[in-house]
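Enquirer: What follows is a single structure, and I will ask about it in a moment.
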Amino acid sequence: MRIELVKRKEHSELMSLMSPLIAVGLTALSAAIIFAISGVNPALGLYKFFIEPLTEQWSLEATIEKATPLILIGCGLAVCYLSNNWNIGAEGQFVVGAMFGSILPVMFPSFENSLTLPLMLICGVIGGALWAMIPALLKTRFNTNEILTSLMLVYVAGLLLDYLVRGPWRDPDGFNFPESRIFSDAATLPEVFGGMMSLATPITIIVALVLAFVLAKTIKGFEIRVMGESPRAGSFAGFSAKGLTIFSFALAGGLAGLAGTMVVSGSLNQLLPTISPGYGFTAIIVAFLGRLNPIGIIIAGFVLALSYIGGEGVQSGLGVSNKIASVIQGLLLFYVLACDTLILYRIRMVSRRAANPAGEVSHV
C-alpha cells in the first residue's frame with residue numbers, strides 16, 4: 001500500500017481563494033492545542049496572540065512597524081516565485097542592503113543634508129540587488145541550485161554584519177559595545193500620520209500597488225506569469241529565461257535591501273549585530289499566504305506581524321516560550337502549502353493484492 005498524488009484536471013477557484021483562510025483557521029486550532037499542552041488556557045492564549053495586539057495604539061503601531069518589511073520583502077519574493085525562481089536568501093539581501101544603506105551615516109557622519117536619506121535608500125536597493133545577483137548569475141551561468149546558494153549567502157551576510165559592527169564600524173563612543181554610531185537626524189526616516197508610523201510604511205504600500213499593476217497590466221507581468229507556468233511556451237514567445245532570472249532576483253534583492261535600510265534608519269537608527277528577527281524567512285510565508293499577489297501580501301504581512309507582537313505578549317503575559325511565534329509561523333506555512341497541494345492534487349491509495357499479479361488500484 002502506498003500513497004500517490006495525482007494532479008487534478010481541474011481545481012476549484014473558490015477553494016483557491018478560501019485556502020489562506022482555511023490555513024489560518026487550522027493554525028489557530030493548532031496554536032490552541034499548543035497553549036493547552038503548555039498549561040495555558042487556549043482561549044486566553046489565542047486572545048493574547050491574535051486579538052490583543054489590535055486593541056491598543058502602541059501594539060497597533062508595533063504591528064504596522066513589523067508588517068512593513070514583511071510586505072516589501074514578500075512582494076519581491078512573489079515575483080521570483082511567479083517566475084519559477086526560488087529565492088530563499090531574502091534575509092541575507094535584507095542585511096546587505098542595511099549595510100550598504102548605512103555607509104553614509106557611519107563612514108561620513110558629517111554628510112547631513114536633504115540628499116542623505118534618499119542616497120541611503122538608493123544604496124540599500126543597490127546592495128540588496130547585488131547580493132541577490134550572485135545566486136542569479138550562478139544559476140544562469142553554471143546551472144547551480146539557487147535555493148542552496150541564496151540560502152548559504154544568508155549566513156555570509158550575517159557574518160559580514162557581525163564583523164563590521166564589532167570591528168571597523170564600531171562606535172568609538174559606544175563603550176566597546178558591538179554597534180555602529182547613532183544615525184543623524186538627516187539619516188533617520190521621518191514619522192508620518194501623527195507619529196503612528198514612519199515614512200517606510202507609505203513607501204511600502206506604494207511599491208506594492210505599483211507592483212500589483214505591473215504584474216496584472218503590463219507585458220513584463222505577462223512575461224513573468226508565462227515563464228513561471230510554462231518556460232517552453234515563454235521561449236516560443238521570445239522571452240528569455242536567463243534574463244528573467246536576473247531581473248526577478250535583482251528586484252527581490254533590491255526590495256529586501258530597501259527594507260533593510262528603512263529598518264536601520266527607522267526603528268533601530270543604527271547598525272547592530274542582529275537587525276532582523278527573521279524578516280526574510282517570514283516573508284516567504286507572507287508571499288504564499290498572500291497568493292503571490294501584492295494586494296494579498298499587504299494583508300498577509302499584517303497577519304504575520306501579529307505573530308511577532310502576539311508572541312511577545314504571550315511570553316510576557318502568560319510565561320510561554322518566546323519560540324512559540326516561530327512555531328506558529330512554521331505551522332502557517334505548512335498549512336498553506338498543504339491546502340494548495342490538496343487543491344492541485346488528489347490523494348490516490350495504491351494497493352497490490354497477492355491474488356492479482358497485475359495489482360489493483362483504489363482511489364480516494
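In the C-alpha cells, each chain is lettered A, B, ... as it comes, each chain's residues begin at 1, and ligands are numbered from 1 in order of appearance.
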List the spatial neighbours of region 12-17 of chain A as a PyMOL selection string - criterion: any atom at most 12 Å away, only C-alpha atoms, same-chain residues fewer than 2 positions off excluded.

Expert: chain A and resi 8-10+19-23+288-291+293+296+336-345

Enquirer: Residues of region 156-261 of chain A in alpha helix (DSSP H) according to DSSP, as a PyMOL selection string?

Expert: chain A and resi 156-166+200-217+219-229+231-236+241-261

Enquirer: Can you pull out the residues contacting Val263 (chain A)? Cut-off 10 Å, using only C-alpha atoms, and skip same-chain residues under 4 positions away; I want them as a ChimeraX atom specification.

Expert: /A:65-66,68-69,94,98,188-189,198,200,257-259,267-271,275-276

Enquirer: Pull C-alpha atoms from the residues just selected and write them as a compact mmCIF listing (two decimals), in the first residue's frame.

Expert:
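part_35.txt was written with the following content:
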```txt
# COMPACT_ATOMS: atom_id res chain seq x y z
CA GLU A 65 6.22 48.54 12.01
CA LYS A 66 6.76 44.76 11.82
CA THR A 68 6.24 46.94 6.68
CA PRO A 69 9.45 44.99 5.90
CA PHE A 94 17.96 42.46 3.73
CA ALA A 98 21.08 47.59 5.51
CA THR A 188 16.54 58.99 10.02
CA LEU A 189 13.18 58.24 8.42
CA SER A 198 7.42 56.07 9.76
CA ALA A 200 8.65 53.38 5.42
CA GLY A 257 17.73 45.81 0.65
CA LEU A 258 15.36 48.78 0.72
CA ALA A 259 13.52 47.16 3.63
CA SER A 267 13.21 51.94 14.45
CA LEU A 268 16.85 50.94 15.12
CA ASN A 269 18.62 54.12 14.00
CA GLN A 270 21.96 52.28 13.93
CA LEU A 271 23.55 49.00 12.89
CA ILE A 275 18.90 43.75 12.88
CA SER A 276 16.20 41.28 11.87
```

Enquirer: Using only C-alpha atoms, which residues sit within 8 Å of region 207-224 of chain A once same-chain residues fewer than 2 positions away are excluded, as a VMD selection string?

Expert: chain A and resid 71 to 72 75 79 82 to 83 203 to 205 226 to 228 234 239 244 293 to 295 298

Enquirer: Name the closest residue to Leu29 (chain A) among the candidates A:Ile309, A:Leu151, A:Ile328, A:Met349; distances are taken between atoms, counting only C-alpha atoms.

Expert: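 Between A:Ile309, A:Leu151, A:Ile328, A:Met349, the residue approaching Leu29 (chain A) most closely is A:Ile328.
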
Enquirer: Given the choices A:Gly89, A:Gly74, A:Gly25, A:Pro273, which gets closest to Leu164 (chain A) if the distance is worked out from only C-alpha atoms?

Expert: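 Comparing A:Gly89, A:Gly74, A:Gly25, A:Pro273 against Leu164 (chain A), the winner is A:Pro273.
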
Enquirer: Can you list, as a count of residues only, every protein, DNA or RNA residue that comes within 12 Å of Tyr47 (chain A) when you count only C-alpha atoms, leaving out same-chain residues fewer than 2 positions away?

Expert: 25

Enquirer: Region 76-292 of chain A: which residues are strand (DSSP E) by DSSP, as a list in words?

Expert: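 Restricting region 76-292 of chain A to strand (DSSP E) produces Glu191, Val192, Met197 and Ser198 of chain A.
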
Enquirer: Determine the nearest neighbour of Ala252 (chain A) from the options A:Ile299, A:Ile88, A:Ala187, A:Leu331, counting only C-alpha atoms.

Expert: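 Closest candidate: A:Ile88.
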
Enquirer: Calculated over only C-alpha atoms, which of the candidates A:Glu91, A:Glu112, A:Glu229, A:Glu312 has the smallest distance to Ala283 (chain A)?

Expert: A:Glu91

Enquirer: What gap, in Å, lies between CA of Ile147 (chain A) and CA of Pro231 (chain A)?

Expert: 18.7 Å

Enquirer: To one decimal place, how far is CA of Gly254 (chain A) from CA of Ser326 (chain A) in Å?

Expert: 25.6 Å

Enquirer: Between CA of Thr63 (chain A) and CA of Val24 (chain A), what is the spacing in Å?

Expert: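 Between CA of Val24 (chain A) and CA of Thr63 (chain A) the gap works out to 17.6 Å.
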
Enquirer: Of the residues A:Ala136, A:Thr116, A:Val106, A:Met262, which is the one nearest to Glu179 (chain A), using only C-alpha atoms?

Expert: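 Looking at the shortest contact to Glu179 (chain A), the residue is A:Val106.
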
Enquirer: Just the residues within 10 Å of Glu4 (chain A), please, counting only C-alpha atoms, with nothing from its chain fewer than 4 positions along; format it as a ChimeraX atom specification.

Expert: /A:345-350,363

Enquirer: Looking at A:Met120, A:Leu272, A:Ala325, A:Leu332, which one is nearest to Gly174 (chain A), with distances taken over only C-alpha atoms?

Expert: A:Leu272

Enquirer: With a distance cut-off of 12 Å and only C-alpha atoms, select the neighbouring residues of Thr140 (chain A), excluding the residue or stretch itself and same-chain residues fewer than 4 positions from it, and output the selection as a PyMOL selection string.

Expert: chain A and resi 85+133-136+144-146+240-247+249
